[in-house]
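Here the structure is laid out as structure tokens; the discussion comes afterwards.
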Amino acid sequence: MKPTNPSRTLALAALCLFAGTASAHTGAHTPTGFAGGLAHPLLGLDHLLAMIAVGLWAAQQGGRALWAVPAAFVAAMGLGGMLAWSGGVLPHVETALALSVLALGLLIATQRRWAVTAGMTIAAAFALVHGYAHGLEMPLAASPARYAMGFMLATVCLHGVGIAGRLIGRRAMQAAGAGIAVGGLALILGV
């Protein structure tokens, strides 16, 4: 394995730590339909970090997990959106979102490996909450199908960013995981 480039590590850590001005849970969305769904994961630090983290973690796992873990996340996220649209209730959503960021960051930082099915299950559990939050934030005028297509496409792209993280090397990925975990802790503490 090639040695890690310190400037790349620093740049990735900066991206993880200084994206804090984003917030997807303000209720102030103006785009509807596909555009609103596409924007939602990109505007919230919790979603942004978690979805990149899923890609990073899948890249660390390698093999079948490289596609299976992100696919499980996207599928379960769609189910979470449907749960919100149908009036279902998930308690403590904001706390669960922050905990998902912390947990995913720790999994990456510690290079924790799981069986593919266990990794898919973990990703799906986190995704259910993220999808539920996306569903709750959908503008009333939006088409649920178009909105879902938007947030699912944005999620796939963010997973791809995380998967591309394998190009920066093992240690840089661990550092990014630590940065993501710190971001999750900050979200939990409301910092």
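Please note that chains go A, B, ... in the order of the structure tokens, that every chain numbers its residues from 1, and that ligands are numbered from 1 in the order shown.
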DSSP alpha helix (DSSP H) residues within range 29-145 of chain A, listed as a ChimeraX atom specification: /A:33-43,45-61,65-85,93-109,116-136,144-145
Residues near range 123-140 of chain A, cut-off 6 Å, only C-alpha atoms, skip fewer than 4 positions along chain, as a ChimeraX atom specification: /A:72-73,76-78,80-81,84-85,100
With all heavy atoms retained, could you export that selection as a short mmCIF file (atom, residue, chain, number, x, y, z; two decimals), in the first residue's frame?
data_model
loop_
_atom_site.label_atom_id
_atom_site.label_comp_id
_atom_site.auth_asym_id
_atom_site.auth_seq_id
_atom_site.Cartn_x
_atom_site.Cartn_y
_atom_site.Cartn_z
N ALA A 72 -28.02 -1.64 0.24
CA ALA A 72 -28.92 -1.85 1.36
C ALA A 72 -29.33 -0.51 1.98
O ALA A 72 -30.48 -0.31 2.37
CB ALA A 72 -28.27 -2.74 2.43
N PHE A 73 -28.37 0.42 2.06
CA PHE A 73 -28.66 1.74 2.61
C PHE A 73 -29.71 2.45 1.75
O PHE A 73 -30.70 2.97 2.27
CB PHE A 73 -27.37 2.57 2.69
CG PHE A 73 -27.53 3.86 3.45
CD1 PHE A 73 -27.15 3.94 4.78
CD2 PHE A 73 -28.04 5.00 2.83
CE1 PHE A 73 -27.30 5.13 5.49
CE2 PHE A 73 -28.18 6.19 3.54
CZ PHE A 73 -27.80 6.25 4.87
N ALA A 76 -33.24 0.75 2.06
CA ALA A 76 -33.89 1.00 3.34
C ALA A 76 -34.24 2.47 3.51
O ALA A 76 -35.24 2.81 4.17
CB ALA A 76 -32.98 0.54 4.48
N MET A 77 -33.46 3.35 2.92
CA MET A 77 -33.76 4.78 2.99
C MET A 77 -35.10 5.06 2.28
O MET A 77 -35.91 5.85 2.77
CB MET A 77 -32.63 5.59 2.37
CG MET A 77 -32.73 7.05 2.70
SD MET A 77 -31.36 7.97 2.03
CE MET A 77 -31.47 7.55 0.32
N GLY A 78 -35.32 4.41 1.16
CA GLY A 78 -36.60 4.55 0.47
C GLY A 78 -37.76 4.08 1.34
O GLY A 78 -38.82 4.72 1.40
N GLY A 80 -37.78 4.10 4.61
CA GLY A 80 -37.93 5.11 5.66
C GLY A 80 -38.74 6.30 5.18
O GLY A 80 -39.59 6.83 5.92
N GLY A 81 -38.49 6.73 3.94
CA GLY A 81 -39.28 7.81 3.36
C GLY A 81 -40.75 7.43 3.27
O GLY A 81 -41.64 8.22 3.62
N ALA A 84 -42.46 7.65 6.66
CA ALA A 84 -42.83 9.03 7.01
C ALA A 84 -44.05 9.49 6.23
O ALA A 84 -44.96 10.11 6.80
CB ALA A 84 -41.65 9.96 6.77
N TRP A 85 -44.09 9.21 4.93
CA TRP A 85 -45.20 9.66 4.10
C TRP A 85 -46.51 8.99 4.48
O TRP A 85 -47.57 9.55 4.29
CB TRP A 85 -44.92 9.41 2.62
CG TRP A 85 -43.71 10.14 2.14
CD1 TRP A 85 -43.29 11.39 2.53
CD2 TRP A 85 -42.76 9.69 1.19
NE1 TRP A 85 -42.12 11.72 1.89
CE2 TRP A 85 -41.77 10.70 1.05
CE3 TRP A 85 -42.62 8.53 0.44
CZ2 TRP A 85 -40.69 10.58 0.19
CZ3 TRP A 85 -41.54 8.41 -0.41
CH2 TRP A 85 -40.59 9.43 -0.53
N SER A 100 -25.98 7.74 14.15
CA SER A 100 -25.54 7.00 12.96
C SER A 100 -24.23 7.56 12.44
O SER A 100 -23.35 6.80 12.02
CB SER A 100 -26.62 7.01 11.87
OG SER A 100 -26.72 8.27 11.23
#
Would you pick out the contacts of Ala59 in chain A at 9 Å or less, using only C-alpha atoms, so that residues sharing its chain but fewer than 6 positions from it are not included, and give the list as a short mmCIF file (atom, residue, chain, number, x, y, z; two decimals) with N, CA and C atoms, in the first residue's frame?
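Once written, part-v4.cif looks like this:
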data_model
loop_
_atom_site.label_atom_id
_atom_site.label_comp_id
_atom_site.auth_asym_id
_atom_site.auth_seq_id
_atom_site.Cartn_x
_atom_site.Cartn_y
_atom_site.Cartn_z
N ALA A 65 -19.22 -6.36 -0.28
CA ALA A 65 -19.72 -5.26 0.55
C ALA A 65 -19.61 -3.92 -0.15
N LEU A 66 -18.70 -3.81 -1.10
CA LEU A 66 -18.47 -2.55 -1.82
C LEU A 66 -19.75 -2.06 -2.48
N TRP A 67 -20.58 -2.96 -2.97
CA TRP A 67 -21.84 -2.54 -3.57
C TRP A 67 -23.03 -2.91 -2.70
N GLY A 162 -17.59 8.51 -0.98
CA GLY A 162 -16.96 7.72 0.07
C GLY A 162 -16.15 6.56 -0.49
N ILE A 163 -16.70 5.86 -1.46
CA ILE A 163 -15.98 4.74 -2.06
C ILE A 163 -14.69 5.22 -2.72
N ALA A 164 -14.73 6.39 -3.33
CA ALA A 164 -13.53 6.95 -3.94
C ALA A 164 -12.46 7.24 -2.90
N GLY A 165 -12.85 7.32 -1.65
CA GLY A 165 -11.90 7.53 -0.57
C GLY A 165 -10.84 6.46 -0.47
N ARG A 166 -11.10 5.31 -1.04
CA ARG A 166 -10.08 4.25 -0.99
C ARG A 166 -8.82 4.64 -1.78
#
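With only C-alpha atoms as the atoms that count, the minimum distance from Gln111 in chain A to the choices A:Thr95, A:Thr32, A:Thr155, A:Gln174 is reached by A:Gln174.
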Polymer residues at most 9 Å from range 115-119 of chain A, only C-alpha atoms, same-chain spacing of 6 or more positions, as a list of chain:residue names: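 Neighbouring residues, sequence-local ones excluded: A:Ala58, A:Gln61, A:Gly63, A:Arg64, A:Ala65, A:Ala68, A:Val69, A:Ala72.
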Pick from A:Gly169, A:Pro41, A:Gln60, A:Val182 nearest to Trp114 in chain A, counting only C-alpha atoms: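 With only C-alpha atoms as the atom set, the closest residue is A:Gln60.
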Separation of CA of Arg171 in chain A from CA of Met152 in chain A in Å: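 These two atoms are separated by 29.3 Å.
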Using only C-alpha atoms, determine which residues lie at most 10 Å from Leu38 in chain A, disregarding the query and same-chain residues fewer than 3 positions distant; provide the list as a JSON list (two decimals) with N, CA, C and O atoms, in the first residue's frame.
[["chain", "number", "residue", "atom", "x", "y", "z"],
["A", 31, "PRO", "N", -37.23, 24.11, -3.03],
["A", 31, "PRO", "CA", -37.39, 23.23, -4.19],
["A", 31, "PRO", "C", -38.34, 22.08, -3.87],
["A", 31, "PRO", "O", -38.39, 21.62, -2.74],
["A", 32, "THR", "N", -39.10, 21.68, -4.86],
["A", 32, "THR", "CA", -40.01, 20.55, -4.66],
["A", 32, "THR", "C", -39.65, 19.44, -5.63],
["A", 32, "THR", "O", -38.84, 19.61, -6.52],
["A", 33, "GLY", "N", -40.25, 18.32, -5.46],
["A", 33, "GLY", "CA", -40.05, 17.20, -6.36],
["A", 33, "GLY", "C", -38.62, 16.71, -6.39],
["A", 33, "GLY", "O", -37.94, 16.66, -5.37],
["A", 34, "PHE", "N", -38.16, 16.37, -7.58],
["A", 34, "PHE", "CA", -36.83, 15.79, -7.76],
["A", 34, "PHE", "C", -35.74, 16.71, -7.21],
["A", 34, "PHE", "O", -34.84, 16.27, -6.49],
["A", 35, "ALA", "N", -35.80, 18.01, -7.53],
["A", 35, "ALA", "CA", -34.76, 18.95, -7.09],
["A", 35, "ALA", "C", -34.71, 19.05, -5.57],
["A", 35, "ALA", "O", -33.62, 19.10, -4.98],
["A", 41, "PRO", "N", -30.15, 15.66, 0.96],
["A", 41, "PRO", "CA", -28.98, 15.02, 1.57],
["A", 41, "PRO", "C", -27.72, 15.88, 1.51],
["A", 41, "PRO", "O", -26.80, 15.69, 2.31],
["A", 42, "LEU", "N", -27.66, 16.80, 0.58],
["A", 42, "LEU", "CA", -26.48, 17.63, 0.41],
["A", 42, "LEU", "C", -26.46, 18.82, 1.36],
["A", 42, "LEU", "O", -25.42, 19.43, 1.57],
["A", 43, "LEU", "N", -27.61, 19.15, 1.94],
["A", 43, "LEU", "CA", -27.73, 20.35, 2.76],
["A", 43, "LEU", "C", -27.66, 20.09, 4.26],
["A", 43, "LEU", "O", -27.64, 21.04, 5.03],
["A", 146, "ARG", "N", -40.97, 11.51, -7.13],
["A", 146, "ARG", "CA", -39.88, 12.34, -7.66],
["A", 146, "ARG", "C", -38.92, 12.78, -6.56],
["A", 146, "ARG", "O", -37.71, 12.82, -6.76],
["A", 147, "TYR", "N", -39.47, 13.12, -5.41],
["A", 147, "TYR", "CA", -38.64, 13.53, -4.28],
["A", 147, "TYR", "C", -37.73, 12.37, -3.86],
["A", 147, "TYR", "O", -36.53, 12.55, -3.63],
["A", 148, "ALA", "N", -38.30, 11.17, -3.79],
["A", 148, "ALA", "CA", -37.51, 9.99, -3.42],
["A", 148, "ALA", "C", -36.43, 9.70, -4.46],
["A", 148, "ALA", "O", -35.29, 9.38, -4.09],
["A", 149, "MET", "N", -36.74, 9.83, -5.73],
["A", 149, "MET", "CA", -35.72, 9.62, -6.76],
["A", 149, "MET", "C", -34.57, 10.60, -6.56],
["A", 149, "MET", "O", -33.40, 10.23, -6.71],
["A", 150, "GLY", "N", -34.89, 11.84, -6.19],
["A", 150, "GLY", "CA", -33.86, 12.85, -5.96],
["A", 150, "GLY", "C", -32.97, 12.50, -4.78],
["A", 150, "GLY", "O", -31.74, 12.50, -4.90],
["A", 151, "PHE", "N", -33.57, 12.17, -3.63],
["A", 151, "PHE", "CA", -32.71, 11.90, -2.48],
["A", 151, "PHE", "C", -31.98, 10.59, -2.60],
["A", 151, "PHE", "O", -30.88, 10.43, -2.07],
["A", 152, "MET", "N", -32.53, 9.65, -3.34],
["A", 152, "MET", "CA", -31.82, 8.39, -3.55],
["A", 152, "MET", "C", -30.63, 8.58, -4.51],
["A", 152, "MET", "O", -29.56, 8.02, -4.27],
["A", 153, "LEU", "N", -30.81, 9.39, -5.55],
["A", 153, "LEU", "CA", -29.69, 9.66, -6.46],
["A", 153, "LEU", "C", -28.58, 10.42, -5.75],
["A", 153, "LEU", "O", -27.40, 10.09, -5.90],
["A", 154, "ALA", "N", -28.94, 11.42, -4.95],
["A", 154, "ALA", "CA", -27.92, 12.16, -4.19],
["A", 154, "ALA", "C", -27.17, 11.22, -3.25],
["A", 154, "ALA", "O", -25.94, 11.32, -3.11],
["A", 155, "THR", "N", -27.88, 10.29, -2.65],
["A", 155, "THR", "CA", -27.26, 9.33, -1.73],
["A", 155, "THR", "C", -26.28, 8.43, -2.47],
["A", 155, "THR", "O", -25.17, 8.19, -1.99]]
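When CA of Leu107 in chain A is paired with CA of Gly88 in chain A, their separation reads 29.5 Å.
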Surrounding residues of Gly190 in chain A excluding itself and chain neighbours under 5 positions, 12 Å, only C-alpha atoms, as a PyMOL selection string: chain A and resi 20+46+94-95+98+182-185
Write the residues of the selection above to a file with N, CA and C atoms, as a PDB file, in the first residue's frame.
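File written: result02.pdb
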ATOM      1  N   GLY A  20     -20.057  22.287   8.767  1.00  0.00           N
ATOM      2  CA  GLY A  20     -21.062  22.458   9.799  1.00  0.00           C
ATOM      3  C   GLY A  20     -22.121  23.508   9.553  1.00  0.00           C
ATOM      4  N   ASP A  46     -25.638  15.951   8.946  1.00  0.00           N
ATOM      5  CA  ASP A  46     -25.883  14.576   9.375  1.00  0.00           C
ATOM      6  C   ASP A  46     -25.993  13.633   8.183  1.00  0.00           C
ATOM      7  N   GLU A  94     -33.722  12.902  15.289  1.00  0.00           N
ATOM      8  CA  GLU A  94     -32.502  13.713  15.215  1.00  0.00           C
ATOM      9  C   GLU A  94     -31.355  13.061  15.998  1.00  0.00           C
ATOM     10  N   THR A  95     -31.670  12.496  17.151  1.00  0.00           N
ATOM     11  CA  THR A  95     -30.642  11.807  17.941  1.00  0.00           C
ATOM     12  C   THR A  95     -30.130  10.581  17.189  1.00  0.00           C
ATOM     13  N   ALA A  98     -27.745  11.598  14.407  1.00  0.00           N
ATOM     14  CA  ALA A  98     -26.417  11.942  14.932  1.00  0.00           C
ATOM     15  C   ALA A  98     -25.664  10.692  15.380  1.00  0.00           C
ATOM     16  N   VAL A 182     -16.159  12.602  15.123  1.00  0.00           N
ATOM     17  CA  VAL A 182     -16.176  13.877  15.855  1.00  0.00           C
ATOM     18  C   VAL A 182     -17.381  14.712  15.415  1.00  0.00           C
ATOM     19  N   GLY A 183     -17.655  14.715  14.115  1.00  0.00           N
ATOM     20  CA  GLY A 183     -18.831  15.413  13.612  1.00  0.00           C
ATOM     21  C   GLY A 183     -20.117  14.852  14.212  1.00  0.00           C
ATOM     22  N   GLY A 184     -20.200  13.523  14.325  1.00  0.00           N
ATOM     23  CA  GLY A 184     -21.373  12.904  14.948  1.00  0.00           C
ATOM     24  C   GLY A 184     -21.506  13.280  16.409  1.00  0.00           C
ATOM     25  N   LEU A 185     -20.388  13.298  17.119  1.00  0.00           N
ATOM     26  CA  LEU A 185     -20.410  13.702  18.522  1.00  0.00           C
ATOM     27  C   LEU A 185     -20.860  15.152  18.653  1.00  0.00           C
TER      28      LEU A 185
END
d(CA of Ala75 in chain A, CA of Gly62 in chain A) in Å: 19.7 Å
Which residue of A:Ala71, A:Leu106, A:Val101, A:Leu45 approaches Gly177 in chain A most closely, using only C-alpha atoms: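 Checking each of A:Ala71, A:Leu106, A:Val101, A:Leu45 against Gly177 in chain A, counting only C-alpha atoms, the winner is A:Leu106.
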